[in-house]
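Content type mmCIF, C-alpha atoms, from the file target20.cif:
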```cif
data_my_file
#
loop_
_atom_site.group_PDB
_atom_site.id
_atom_site.type_symbol
_atom_site.label_atom_id
_atom_site.label_comp_id
_atom_site.auth_asym_id
_atom_site.auth_seq_id
_atom_site.Cartn_x
_atom_site.Cartn_y
_atom_site.Cartn_z
ATOM 1 C CA MET K 1 -55.484 235.160 122.321
ATOM 2 C CA LYS K 2 -54.128 238.695 122.093
ATOM 3 C CA LYS K 3 -56.852 241.305 121.794
ATOM 4 C CA LYS K 4 -57.105 243.259 118.561
ATOM 5 C CA LYS K 5 -58.183 246.868 118.220
ATOM 6 C CA LEU K 6 -61.469 247.154 116.330
ATOM 7 C CA TYR K 7 -62.432 250.383 114.535
ATOM 8 C CA LEU K 8 -65.660 251.238 112.768
ATOM 9 C CA LEU K 9 -65.625 253.634 109.817
ATOM 10 C CA THR K 10 -68.997 255.060 108.793
ATOM 11 C CA GLY K 11 -70.273 257.900 106.642
ATOM 12 C CA PHE K 12 -72.928 258.520 104.045
ATOM 13 C CA LEU K 13 -72.487 257.586 100.408
ATOM 14 C CA GLY K 14 -69.595 259.401 98.754
ATOM 15 C CA ALA K 15 -68.337 261.070 101.946
ATOM 16 C CA GLY K 16 -64.832 259.666 101.441
ATOM 17 C CA LYS K 17 -64.680 256.594 103.701
ATOM 18 C CA THR K 18 -62.463 254.530 101.415
ATOM 19 C CA THR K 19 -60.123 257.466 100.745
ATOM 20 C CA THR K 20 -59.852 257.993 104.507
ATOM 21 C CA LEU K 21 -59.224 254.294 105.059
ATOM 22 C CA LYS K 22 -56.457 254.276 102.440
ATOM 23 C CA GLY K 23 -54.741 257.115 104.290
ATOM 24 C CA ILE K 24 -55.063 255.292 107.608
ATOM 25 C CA LEU K 25 -53.621 252.076 106.180
ATOM 26 C CA LYS K 26 -50.715 253.979 104.666
ATOM 27 C CA ASP K 27 -49.947 255.698 107.975
ATOM 28 C CA LEU K 28 -50.205 252.394 109.884
ATOM 29 C CA SER K 29 -48.418 250.227 107.312
ATOM 30 C CA GLN K 30 -45.890 249.011 109.893
ATOM 31 C CA SER K 31 -48.605 247.136 111.797
ATOM 32 C CA LYS K 32 -50.621 244.112 110.714
ATOM 33 C CA ASN K 33 -54.076 245.269 109.686
ATOM 34 C CA ALA K 34 -57.284 243.639 108.491
ATOM 35 C CA VAL K 35 -60.227 245.283 106.741
ATOM 36 C CA ILE K 36 -63.856 244.208 106.463
ATOM 37 C CA MET K 37 -65.631 246.125 103.705
ATOM 38 C CA ASN K 38 -69.394 246.194 103.452
ATOM 39 C CA GLU K 39 -71.370 247.244 100.373
ATOM 40 C CA PHE K 40 -75.049 246.956 99.499
ATOM 41 C CA GLY K 41 -74.414 245.760 95.954
ATOM 42 C CA LYS K 42 -73.633 242.238 94.841
ATOM 43 C CA THR K 43 -70.488 243.492 93.104
ATOM 44 C CA GLY K 44 -67.871 244.919 95.463
ATOM 45 C CA ILE K 45 -66.204 248.023 94.042
ATOM 46 C CA ASP K 46 -64.337 249.605 96.936
ATOM 47 C CA GLY K 47 -62.324 246.504 97.839
ATOM 48 C CA SER K 48 -60.428 246.797 94.563
ATOM 49 C CA LEU K 49 -59.182 250.214 95.684
ATOM 50 C CA LEU K 50 -57.157 248.618 98.507
ATOM 51 C CA LYS K 51 -55.082 246.265 96.345
ATOM 52 C CA GLU K 52 -51.911 248.235 97.007
ATOM 53 C CA PHE K 53 -51.934 247.398 100.720
ATOM 54 C CA ASP K 54 -50.588 244.290 102.424
ATOM 55 C CA ILE K 55 -53.699 243.607 104.462
ATOM 56 C CA GLU K 56 -56.168 240.857 105.127
ATOM 57 C CA LEU K 57 -59.261 241.985 103.222
ATOM 58 C CA SER K 58 -62.769 240.598 103.571
ATOM 59 C CA GLU K 59 -65.828 241.794 101.689
ATOM 60 C CA ILE K 60 -69.405 241.312 102.887
ATOM 61 C CA ASN K 61 -71.840 242.513 100.253
ATOM 62 C CA ARG K 62 -75.551 242.522 99.383
ATOM 63 C CA GLY K 63 -76.828 244.390 102.424
ATOM 64 C CA SER K 64 -75.780 246.006 105.691
ATOM 65 C CA ILE K 65 -73.694 244.088 108.238
ATOM 66 C CA PHE K 66 -75.885 245.662 110.929
ATOM 67 C CA CYS K 67 -79.063 244.156 109.441
ATOM 68 C CA SER K 68 -80.256 240.730 110.590
ATOM 69 C CA CYS K 69 -79.786 239.553 107.000
ATOM 70 C CA LEU K 70 -75.981 239.797 107.303
ATOM 71 C CA GLN K 71 -75.218 239.911 111.045
ATOM 72 C CA ILE K 72 -74.181 236.255 111.195
ATOM 73 C CA ASN K 73 -71.789 236.793 108.269
ATOM 74 C CA PHE K 74 -70.269 239.736 110.120
ATOM 75 C CA VAL K 75 -69.948 237.855 113.414
ATOM 76 C CA THR K 76 -68.440 234.820 111.669
ATOM 77 C CA GLU K 77 -65.831 236.972 109.923
ATOM 78 C CA LEU K 78 -64.950 238.802 113.135
ATOM 79 C CA ALA K 79 -64.498 235.439 114.840
ATOM 80 C CA ARG K 80 -62.204 234.194 112.072
ATOM 81 C CA ILE K 81 -60.028 237.313 112.125
ATOM 82 C CA ALA K 82 -59.843 237.184 115.934
ATOM 83 C CA LYS K 83 -57.772 233.998 115.579
ATOM 84 C CA THR K 84 -55.198 235.606 113.268
ATOM 85 C CA ASP K 85 -52.147 237.670 114.224
ATOM 86 C CA VAL K 86 -53.442 241.049 112.987
ATOM 87 C CA GLU K 87 -53.228 244.006 115.383
ATOM 88 C CA ARG K 88 -55.981 246.256 114.096
ATOM 89 C CA VAL K 89 -59.259 245.536 112.318
ATOM 90 C CA PHE K 90 -61.056 248.251 110.372
ATOM 91 C CA VAL K 91 -64.700 247.808 109.438
ATOM 92 C CA GLU K 92 -65.958 250.087 106.669
ATOM 93 C CA GLY K 93 -69.737 250.113 106.763
ATOM 94 C CA SER K 94 -71.865 250.803 103.717
ATOM 95 C CA GLY K 95 -73.051 254.371 103.215
ATOM 96 C CA LEU K 96 -76.523 253.615 104.587
ATOM 97 C CA ALA K 97 -75.215 251.565 107.514
ATOM 98 C CA ASP K 98 -76.788 252.240 110.907
ATOM 99 C CA PRO K 99 -74.322 250.895 113.528
ATOM 100 C CA SER K 100 -76.588 251.487 116.518
ATOM 101 C CA ASN K 101 -76.497 247.777 117.430
ATOM 102 C CA ILE K 102 -72.691 247.361 117.387
ATOM 103 C CA GLY K 103 -72.712 246.507 121.100
ATOM 104 C CA GLU K 104 -75.265 243.749 120.505
ATOM 105 C CA ILE K 105 -73.174 242.348 117.657
ATOM 106 C CA LEU K 106 -70.000 242.252 119.758
ATOM 107 C CA ALA K 107 -71.917 240.484 122.537
ATOM 108 C CA ALA K 108 -73.145 237.952 119.962
ATOM 109 C CA LEU K 109 -69.528 237.451 118.876
ATOM 110 C CA ASN K 110 -68.541 236.374 122.394
ATOM 111 C CA ALA K 111 -71.450 233.931 122.499
ATOM 112 C CA TYR K 112 -70.584 232.584 119.045
ATOM 113 C CA MET K 113 -66.946 232.019 120.036
ATOM 114 C CA LYS K 114 -68.046 230.620 123.431
ATOM 115 C CA ILE K 115 -65.754 232.955 125.342
ATOM 116 C CA GLU K 116 -66.292 235.413 128.183
ATOM 117 C CA ASP K 117 -63.391 237.774 127.521
ATOM 118 C CA ALA K 118 -63.951 239.761 124.312
ATOM 119 C CA PRO K 119 -61.321 239.203 121.581
ATOM 120 C CA TYR K 120 -61.518 242.848 120.513
ATOM 121 C CA ILE K 121 -61.040 246.217 122.138
ATOM 122 C CA TYR K 122 -63.681 248.428 120.544
ATOM 123 C CA SER K 123 -61.366 251.337 119.807
ATOM 124 C CA GLY K 124 -63.947 253.686 118.408
ATOM 125 C CA ALA K 125 -66.214 254.718 115.547
ATOM 126 C CA ILE K 126 -65.164 257.393 113.065
ATOM 127 C CA CYS K 127 -67.869 259.014 110.946
ATOM 128 C CA ILE K 128 -66.926 260.836 107.738
ATOM 129 C CA VAL K 129 -69.265 263.568 106.482
ATOM 130 C CA ASP K 130 -69.147 265.373 103.149
ATOM 131 C CA ALA K 131 -68.969 269.119 103.796
ATOM 132 C CA ARG K 132 -70.724 269.815 100.481
ATOM 133 C CA THR K 133 -73.855 267.750 101.059
ATOM 134 C CA PHE K 134 -74.162 267.042 104.789
ATOM 135 C CA LEU K 135 -76.608 269.770 105.784
ATOM 136 C CA ALA K 136 -78.921 268.953 102.882
ATOM 137 C CA GLU K 137 -78.982 265.224 103.714
ATOM 138 C CA VAL K 138 -78.800 264.799 107.476
ATOM 139 C CA ASP K 139 -82.398 265.632 108.406
ATOM 140 C CA GLY K 140 -83.900 263.394 105.729
ATOM 141 C CA ILE K 141 -81.804 260.239 106.166
ATOM 142 C CA ASP K 142 -81.891 258.497 109.556
ATOM 143 C CA ALA K 143 -78.697 256.550 108.906
ATOM 144 C CA ILE K 144 -76.623 259.744 108.813
ATOM 145 C CA SER K 145 -77.756 261.076 112.188
ATOM 146 C CA ASN K 146 -77.410 257.598 113.730
ATOM 147 C CA GLN K 147 -73.877 257.268 112.363
ATOM 148 C CA ILE K 148 -72.973 260.576 114.011
ATOM 149 C CA GLN K 149 -74.731 259.650 117.245
ATOM 150 C CA GLN K 150 -72.645 256.460 117.495
ATOM 151 C CA ALA K 151 -69.354 258.139 116.477
ATOM 152 C CA HIS K 152 -66.475 259.052 118.766
ATOM 153 C CA MET K 153 -64.828 261.151 116.071
ATOM 154 C CA VAL K 154 -66.636 262.976 113.257
ATOM 155 C CA VAL K 155 -64.524 264.081 110.320
ATOM 156 C CA ILE K 156 -65.740 266.947 108.128
ATOM 157 C CA ASN K 157 -64.179 265.911 104.826
ATOM 158 C CA LYS K 158 -63.838 267.981 101.608
ATOM 159 C CA SER K 159 -63.863 271.072 103.808
ATOM 160 C CA ASP K 160 -61.880 273.003 101.218
ATOM 161 C CA LEU K 161 -64.928 272.910 98.944
ATOM 162 C CA VAL K 162 -67.129 275.010 101.228
ATOM 163 C CA GLU K 163 -66.549 278.515 102.556
ATOM 164 C CA ASP K 164 -67.571 277.935 106.175
ATOM 165 C CA THR K 165 -68.010 274.724 108.199
ATOM 166 C CA SER K 166 -69.321 276.329 111.402
ATOM 167 C CA SER K 167 -72.956 275.377 110.691
ATOM 168 C CA ILE K 168 -71.841 271.799 109.975
ATOM 169 C CA ARG K 169 -69.980 271.658 113.304
ATOM 170 C CA ASP K 170 -73.032 273.049 115.106
ATOM 171 C CA LYS K 171 -75.301 270.391 113.592
ATOM 172 C CA ILE K 172 -72.903 267.576 114.456
ATOM 173 C CA ALA K 173 -72.592 268.837 118.042
ATOM 174 C CA LEU K 174 -76.380 269.022 118.316
ATOM 175 C CA ILE K 175 -76.611 265.325 117.420
ATOM 176 C CA ASN K 176 -73.576 264.187 119.427
ATOM 177 C CA SER K 177 -72.032 266.675 121.837
ATOM 178 C CA ASP K 178 -69.375 264.182 122.977
ATOM 179 C CA ALA K 179 -67.827 263.439 119.601
ATOM 180 C CA GLU K 180 -64.505 264.980 118.597
ATOM 181 C CA ILE K 181 -64.909 267.003 115.403
ATOM 182 C CA HIS K 182 -62.104 267.338 112.871
ATOM 183 C CA ARG K 183 -62.004 269.323 109.652
ATOM 184 C CA THR K 184 -59.932 267.902 106.803
ATOM 185 C CA THR K 185 -59.464 267.288 103.077
ATOM 186 C CA PHE K 186 -58.877 264.037 101.204
ATOM 187 C CA GLY K 187 -59.741 262.100 104.369
ATOM 188 C CA LYS K 188 -56.458 262.878 106.141
ATOM 189 C CA ILE K 189 -56.816 262.357 109.892
ATOM 190 C CA GLY K 190 -53.380 261.248 111.126
ATOM 191 C CA VAL K 191 -52.680 258.418 113.595
ATOM 192 C CA GLU K 192 -53.259 259.930 117.054
ATOM 193 C CA PHE K 193 -56.724 258.383 117.389
ATOM 194 C CA PHE K 194 -55.346 254.925 116.586
ATOM 195 C CA ASN K 195 -52.697 254.989 119.306
ATOM 196 C CA ARG K 196 -55.221 255.349 122.119
ATOM 197 C CA GLU K 197 -55.833 252.432 124.466
ATOM 198 C CA GLU K 198 -59.379 253.352 125.489
ATOM 199 C CA ASP K 199 -62.261 250.894 125.076
ATOM 200 C CA TYR K 200 -65.121 252.926 123.614
ATOM 201 C CA LEU K 201 -67.807 250.254 123.964
ATOM 202 C CA LYS K 202 -68.948 251.767 127.252
ATOM 203 C CA LYS K 203 -69.386 255.109 125.429
ATOM 204 C CA THR K 204 -71.665 253.607 122.791
ATOM 205 C CA ILE K 205 -75.390 254.336 122.863
ATOM 206 C CA LYS K 206 -77.393 251.115 122.823
ATOM 207 C CA LYS K 207 -80.404 251.175 120.500
ATOM 208 C CA GLU K 208 -81.947 249.253 117.625
ATOM 209 C CA THR K 209 -80.551 249.684 114.136
ATOM 210 C CA THR K 210 -82.774 251.005 111.367
ATOM 211 C CA ASN K 211 -81.109 248.561 108.943
ATOM 212 C CA THR K 212 -83.715 245.852 108.386
ATOM 213 C CA VAL K 213 -84.794 243.617 105.549
ATOM 214 C CA ASP K 214 -87.733 245.966 104.926
ATOM 215 C CA THR K 215 -85.579 249.110 104.691
ATOM 216 C CA LYS K 216 -82.847 247.519 102.557
ATOM 217 C CA PRO K 217 -82.485 249.481 99.286
ATOM 218 C CA LYS K 218 -82.477 247.644 95.967
ATOM 219 C CA THR K 219 -79.276 247.410 93.958
ATOM 220 C CA PHE K 220 -78.639 246.695 90.289
ATOM 221 C CA THR K 221 -75.436 246.055 88.369
ATOM 222 C CA MET K 222 -74.879 247.114 84.767
ATOM 223 C CA ASN K 223 -72.237 245.377 82.653
ATOM 224 C CA ILE K 224 -71.317 247.653 79.741
ATOM 225 C CA LYS K 225 -70.147 245.993 76.534
ATOM 226 C CA SER K 226 -68.571 248.955 74.709
ATOM 227 C CA GLU K 227 -67.092 252.368 75.461
ATOM 228 C CA ILE K 228 -69.139 255.537 75.691
ATOM 229 C CA SER K 229 -68.445 259.263 75.532
ATOM 230 C CA HIS K 230 -68.176 261.660 78.458
ATOM 231 C CA SER K 231 -71.307 263.504 77.362
ATOM 232 C CA GLU K 232 -73.320 260.280 77.022
ATOM 233 C CA LEU K 233 -72.335 259.157 80.513
ATOM 234 C CA ASN K 234 -72.982 262.544 82.100
ATOM 235 C CA ASN K 235 -76.389 262.908 80.432
ATOM 236 C CA PHE K 236 -77.383 259.418 81.565
ATOM 237 C CA LEU K 237 -76.285 259.986 85.163
ATOM 238 C CA GLU K 238 -78.009 263.362 85.384
ATOM 239 C CA GLU K 239 -81.278 261.858 84.160
ATOM 240 C CA ILE K 240 -81.356 258.986 86.662
ATOM 241 C CA GLY K 241 -80.145 261.110 89.597
ATOM 242 C CA PRO K 242 -83.573 261.419 91.275
ATOM 243 C CA MET K 243 -83.978 257.608 91.275
ATOM 244 C CA VAL K 244 -80.699 256.616 92.948
ATOM 245 C CA TYR K 245 -78.760 257.223 96.132
ATOM 246 C CA ARG K 246 -75.527 256.403 94.376
ATOM 247 C CA VAL K 247 -73.908 255.095 91.211
ATOM 248 C CA LYS K 248 -70.339 253.846 91.355
ATOM 249 C CA GLY K 249 -68.036 251.643 89.349
ATOM 250 C CA PHE K 250 -65.731 251.683 86.357
ATOM 251 C CA THR K 251 -66.454 252.155 82.680
ATOM 252 C CA GLN K 252 -64.557 252.679 79.435
ATOM 253 C CA VAL K 253 -64.958 256.331 78.410
ATOM 254 C CA GLU K 254 -63.359 257.531 75.172
ATOM 255 C CA GLY K 255 -60.441 255.114 75.414
ATOM 256 C CA ASP K 256 -59.803 255.372 79.173
ATOM 257 C CA MET K 257 -61.123 253.240 82.003
ATOM 258 C CA MET K 258 -62.739 255.737 84.347
ATOM 259 C CA LYS K 259 -63.709 255.398 88.008
ATOM 260 C CA VAL K 260 -67.243 256.769 88.292
ATOM 261 C CA ASP K 261 -68.903 257.979 91.478
ATOM 262 C CA MET K 262 -72.199 259.854 91.708
ATOM 263 C CA VAL K 263 -74.086 260.848 94.850
ATOM 264 C CA GLY K 264 -77.091 263.106 94.428
ATOM 265 C CA SER K 265 -76.238 265.601 91.700
ATOM 266 C CA MET K 266 -72.481 265.363 92.270
ATOM 267 C CA ILE K 267 -70.619 263.361 89.633
ATOM 268 C CA ASP K 268 -66.928 262.553 90.086
ATOM 269 C CA MET K 269 -64.848 260.836 87.413
ATOM 270 C CA GLU K 270 -61.140 260.081 87.325
ATOM 271 C CA LYS K 271 -58.851 257.718 85.435
ATOM 272 C CA ASP K 272 -58.624 254.261 86.988
ATOM 273 C CA THR K 273 -55.249 253.412 88.535
ATOM 274 C CA GLN K 274 -56.238 249.998 89.903
ATOM 275 C CA GLY K 275 -56.281 248.022 86.653
ATOM 276 C CA TRP K 276 -60.041 247.359 86.659
ATOM 277 C CA GLU K 277 -60.878 245.386 83.505
ATOM 278 C CA ASP K 278 -64.666 245.199 83.183
ATOM 279 C CA SER K 279 -67.003 248.146 82.628
ATOM 280 C CA THR K 280 -69.374 247.806 85.570
ATOM 281 C CA LEU K 281 -71.704 250.291 87.263
ATOM 282 C CA VAL K 282 -73.580 249.555 90.491
ATOM 283 C CA PHE K 283 -76.828 251.426 91.244
ATOM 284 C CA LEU K 284 -78.209 251.869 94.765
ATOM 285 C CA THR K 285 -81.798 252.906 94.176
ATOM 286 C CA LYS K 286 -84.165 254.961 96.302
ATOM 287 C CA LYS K 287 -87.660 253.995 97.378
ATOM 288 C CA MET K 288 -89.781 256.491 95.486
ATOM 289 C CA GLU K 289 -93.420 257.257 96.084
ATOM 290 C CA GLY K 290 -95.507 256.104 93.148
ATOM 291 C CA MET K 291 -92.694 254.034 91.607
ATOM 292 C CA SER K 292 -92.152 250.317 92.132
ATOM 293 C CA VAL K 293 -88.715 248.688 91.923
ATOM 294 C CA PRO K 294 -89.446 247.342 88.396
ATOM 295 C CA GLN K 295 -90.470 250.849 87.315
ATOM 296 C CA ILE K 296 -87.214 252.317 88.643
ATOM 297 C CA LEU K 297 -85.236 249.617 86.835
ATOM 298 C CA LYS K 298 -87.175 250.362 83.653
ATOM 299 C CA GLY K 299 -86.442 254.071 84.098
ATOM 300 C CA ILE K 300 -82.692 253.429 84.364
ATOM 301 C CA ILE K 301 -82.704 251.217 81.264
ATOM 302 C CA GLU K 302 -84.759 253.728 79.263
ATOM 303 C CA ALA K 303 -82.423 256.558 80.280
ATOM 304 C CA TRP K 304 -79.452 254.501 79.098
ATOM 305 C CA LYS K 305 -81.022 253.771 75.728
ATOM 306 C CA LYS K 306 -82.016 257.411 75.342
ATOM 307 C CA ASN K 307 -78.530 258.785 76.006
ATOM 308 C CA THR K 308 -76.203 256.144 74.548
ATOM 309 C CA THR K 309 -76.109 253.379 71.933
ATOM 310 C CA ALA K 310 -73.601 251.267 73.913
ATOM 311 C CA GLU K 311 -74.692 247.705 74.627
ATOM 312 C CA MET K 312 -75.194 246.706 78.249
ATOM 313 C CA LYS K 313 -76.717 244.010 80.435
ATOM 314 C CA MET K 314 -78.603 244.820 83.631
ATOM 315 C CA MET K 315 -78.657 242.391 86.570
ATOM 316 C CA ASN K 316 -80.076 242.289 90.086
ATOM 317 C CA GLY K 317 -77.707 242.888 92.945
#
```
Target format structure tokens, applied to this file:
Amino acid sequence: MKKKKLYLLTGFLGAGKTTTLKGILKDLSQSKNAVIMNEFGKTGIDGSLLKEFDIELSEINRGSIFCSCLQINFVTELARIAKTDVERVFVEGSGLADPSNIGEILAALNAYMKIEDAPYIYSGAICIVDARTFLAEVDGIDAISNQIQQAHMVVINKSDLVEDTSSIRDKIALINSDAEIHRTTFGKIGVEFFNREEDYLKKTIKKETTNTVDTKPKTFTMNIKSEISHSELNNFLEEIGPMVYRVKGFTQVEGDMMKVDMVGSMIDMEKDTQGWEDSTLVFLTKKMEGMSVPQILKGIIEAWKKNTTAEMKMMNG
């Protein structure tokens, strides 16, 4: 069995992981590649954005692949892909993924496959950070600092949207002084990192992940039955902002299917080019003091009814 190169792509919600991955796959289109995408929601959104590539795509949703709730799914999928003829495997973790136990998972893979020689060369972890929001988020969200701590390359993305990235570089170096730091836009990182032969597993810090069943955020999916206006959608998203980590999906807005992505107070919308048919939004909610999960769900529904008359159906997951 020929060993495959295994890469881990991490980064907080909205940092640009999928955009970066699309650039990588385009640059490495002459090789056989596989992708495992991980999202917290029941409905996978990002996988649809990779339709243009000739790759083997797997999606593992409804939690983090580094949590005990999905580790066996992750190991099983790695074992299956190990038996194929792909050359490189890219794992895109969810935005709140904490990959601190990647070494433990790869050891479990060997045990699961009943082999001594690992089927993968762990070729490194790349962490994408959003230059606009990183400094405001990193100290309050453990997953971000753990992603950087486990990274071998940290990419400061959207760097054209801030005047100076020196304080961002200083903070990254404080967390992980060994990581290479690159500044870029639109997730462009080139191919040099992917041509290295080094096994980075020995350079990975071994510790427990913070992704557990207890820390797993709650997700909801909204199916929208009719189109809405730009102002209705913006007003709705602004109102629910404090209750959610992220909202993403596709919805019909004034005659156009729009790709919607909101993290914090930043709302990005662009016309869909993937041919998505259903208006669907996925909400990754925060744990808020004084508010239960049902209360947060009620708050989202009330905000929708307040800002739009469009019919919708809300579901768990």
| field | Neighbour list for segment 212-227 of chain K as a PyMOL selection string, cut-off 10 Å, only C-alpha atoms, skip fewer than 5 positions in-chain | value | chain K and resi 40-43+62-64+66-70+96-98+233+244-257+278-287+293+296-297+300-301+308-317
| Among listed residues K:Ser166, K:Thr18, K:Thr210, K:Asn195, nearest Lys5 of chain K (using all atoms listed in the file) |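 The shortest atom-to-atom distance to Lys5 of chain K comes from K:Asn195.
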| Any idea what the distance is between atom CA of Thr204 of chain K and atom CA of Ala151 of chain K? |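 If I compute the distance from atom CA of Thr204 of chain K to atom CA of Ala151 of chain K, I get 8.1 Å.
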| request: Could you check how far atom CA of Gly140 of chain K sits from atom CA of Asn73 of chain K, in Å to one decimal? | output: 29.3 Å
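Near (-84.0, 259.6, 79.7), the residues inside the 10 Å limit, counting all atoms listed in the file, come to K:Asn235, K:Phe236, K:Leu237, K:Glu238, K:Glu239, K:Ile240, K:Gly299, K:Ile300, K:Ile301, K:Glu302, K:Ala303, K:Trp304, K:Lys305, K:Lys306, K:Asn307, K:Thr308.
Of the listed residues K:Val89, K:Ile102, K:Ile168, K:Leu161, the one whose atoms come nearest to Thr185 of chain K is K:Leu161, with distances taken using all atoms listed in the file.
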With the cut-off set at 7 Å and counting only C-alpha atoms, tabulate each residue of segment 47-108 of chain K with an atom at most that distance from an atom of segment 6-10 of chain K, showing the nearest atom pair and its distance in Å to one decimal, ordered by chain and increasing number, as a tab-separated table.
```
residue	atom	partner	partner_atom	distance
K:Arg88	CA	K:Leu6	CA	6.0
K:Val89	CA	K:Leu6	CA	4.9
K:Phe90	CA	K:Tyr7	CA	4.9
K:Val91	CA	K:Leu8	CA	4.9
K:Glu92	CA	K:Leu9	CA	4.8
K:Gly93	CA	K:Thr10	CA	5.4
K:Gly95	CA	K:Thr10	CA	6.9
```
| query | Which is closer to Phe134 of chain K than all the others in K:Leu13, K:Met243, K:Ala118, K:Met269, using all atoms listed in the file? | reply | K:Leu13
| Gap from atom CA of Glu232 of chain K to atom CA of Lys259 of chain K - Å, one decimal |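 Distance reported for this atom pair: 15.4 Å.
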May I have the residues within 12 Å of Asp139 of chain K as a tab-separated table (two decimals) with C-alpha atoms, in the frame of the given file, using all atoms listed in the file and disregarding those fewer than 5 positions away in the same chain?
```tsv
chain	number	residue	atom	x	y	z
K	133	THR	CA	-73.86	267.75	101.06
K	134	PHE	CA	-74.16	267.04	104.79
K	144	ILE	CA	-76.62	259.74	108.81
K	145	SER	CA	-77.76	261.08	112.19
K	146	ASN	CA	-77.41	257.60	113.73
K	171	LYS	CA	-75.30	270.39	113.59
K	172	ILE	CA	-72.90	267.58	114.46
K	175	ILE	CA	-76.61	265.32	117.42
```
| said: I'd like the neighbourhood of Ile121 of chain K as number ranges by chain, where a residue qualifies if any of its atoms comes within 9 Å (using all atoms listed in the file), though same-chain residues fewer than 5 positions away should be ignored. | reply: K: 3-7, 197-201
For the provided coordinates, the residues matched by the PyMOL selection byres ((chain K and resi 19) around 10) should be stated as a PDB file with C-alpha atoms, in the frame of the given file.
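Below you can see result-v1.pdb, which holds the result:
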```pdb
ATOM      1  CA  GLY K  14     -69.595 259.401  98.754  1.00  0.00           C
ATOM      2  CA  ALA K  15     -68.337 261.070 101.946  1.00  0.00           C
ATOM      3  CA  GLY K  16     -64.832 259.666 101.441  1.00  0.00           C
ATOM      4  CA  LYS K  17     -64.680 256.594 103.701  1.00  0.00           C
ATOM      5  CA  THR K  18     -62.463 254.530 101.415  1.00  0.00           C
ATOM      6  CA  THR K  20     -59.852 257.993 104.507  1.00  0.00           C
ATOM      7  CA  LEU K  21     -59.224 254.294 105.059  1.00  0.00           C
ATOM      8  CA  LYS K  22     -56.457 254.276 102.440  1.00  0.00           C
ATOM      9  CA  GLY K  23     -54.741 257.115 104.290  1.00  0.00           C
ATOM     10  CA  ILE K  24     -55.063 255.292 107.608  1.00  0.00           C
ATOM     11  CA  ASP K  46     -64.337 249.605  96.936  1.00  0.00           C
ATOM     12  CA  LEU K  49     -59.182 250.214  95.684  1.00  0.00           C
ATOM     13  CA  LEU K  50     -57.157 248.618  98.507  1.00  0.00           C
ATOM     14  CA  PHE K 186     -58.877 264.037 101.204  1.00  0.00           C
ATOM     15  CA  GLY K 187     -59.741 262.100 104.369  1.00  0.00           C
ATOM     16  CA  LYS K 188     -56.458 262.878 106.141  1.00  0.00           C
TER      17      LYS K 188
END
```
| task | Evaluate the PyMOL selection byres ((chain K and resi 264) around 7) here and jot the selected residues down as JSON, numbers by chain. | result | {"K": [241, 245, 246, 262, 263, 265, 266]}
| said: Restricting the calculation to all atoms listed in the file: of K:Ile141, K:Ile205, K:Ala131, K:Ala79, which residue gets closest to Lys114 of chain K? | reply: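 Using all atoms listed in the file, the shortest distance to Lys114 of chain K belongs to K:Ala79.
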Report the centre and edge lengths, in Å to one decimal, of an axis-aligned box enclosing every atom of segment 100-103 of chain K listed in the file, padded by 3 Å on each side, as AutoDock Vina command-line options.
```
--center_x -74.6 --center_y 249.0 --center_z 118.8 --size_x 9.9 --size_y 11.0 --size_z 10.6
```
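Nearest residue to Asp268 of chain K among K:Asn33, K:Asn234, K:Gln295, K:Thr165 is K:Asn234, counting all atoms listed in the file.
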| message | Using all atoms listed in the file, can you tell me which of K:Met291, K:Leu78, K:Met153, K:Ile115 comes closest to Asn176 of chain K? | response |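 Closest to Asn176 of chain K, using all atoms listed in the file: K:Met153.
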| Expected selection from the PyMOL selection byres ((chain K and resi 271) around 6), given as an MDAnalysis selection string | chainID K and resid 258:259 270 272
| Answer as a VMD selection string, residues within 7 Å of (-70.0, 260.0, 116.0) using all atoms listed in the file | chain K and resid 125 to 127 147 to 154 176 179
Just need segment 307-314 of chain K in a file, please: N, CA and C atoms, as a CSV table (one decimal), in the first residue's frame.
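selection_29.csv was written with the following content:
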```csv
chain,number,residue,atom,x,y,z
K,307,ASN,N,-38.7,40.6,10.7
K,307,ASN,CA,-38.0,41.2,9.6
K,307,ASN,C,-38.4,40.8,8.2
K,308,THR,N,-39.2,39.7,8.1
K,308,THR,CA,-39.6,39.2,6.8
K,308,THR,C,-40.9,38.5,6.9
K,309,THR,N,-41.7,38.5,5.8
K,309,THR,CA,-42.9,37.7,5.7
K,309,THR,C,-42.7,36.4,5.0
K,310,ALA,N,-41.5,36.1,4.6
K,310,ALA,CA,-41.3,34.8,3.8
K,310,ALA,C,-41.5,33.6,4.7
K,311,GLU,N,-42.1,32.6,4.1
K,311,GLU,CA,-42.4,31.4,4.9
K,311,GLU,C,-41.1,30.6,5.0
K,312,MET,N,-40.9,29.9,6.1
K,312,MET,CA,-39.7,29.1,6.4
K,312,MET,C,-40.1,27.9,7.3
K,313,LYS,N,-39.2,26.9,7.3
K,313,LYS,CA,-39.3,25.8,8.3
K,313,LYS,C,-38.0,25.6,9.0
K,314,MET,N,-38.0,25.6,10.3
K,314,MET,CA,-36.8,25.4,11.1
K,314,MET,C,-36.7,24.0,11.6
```
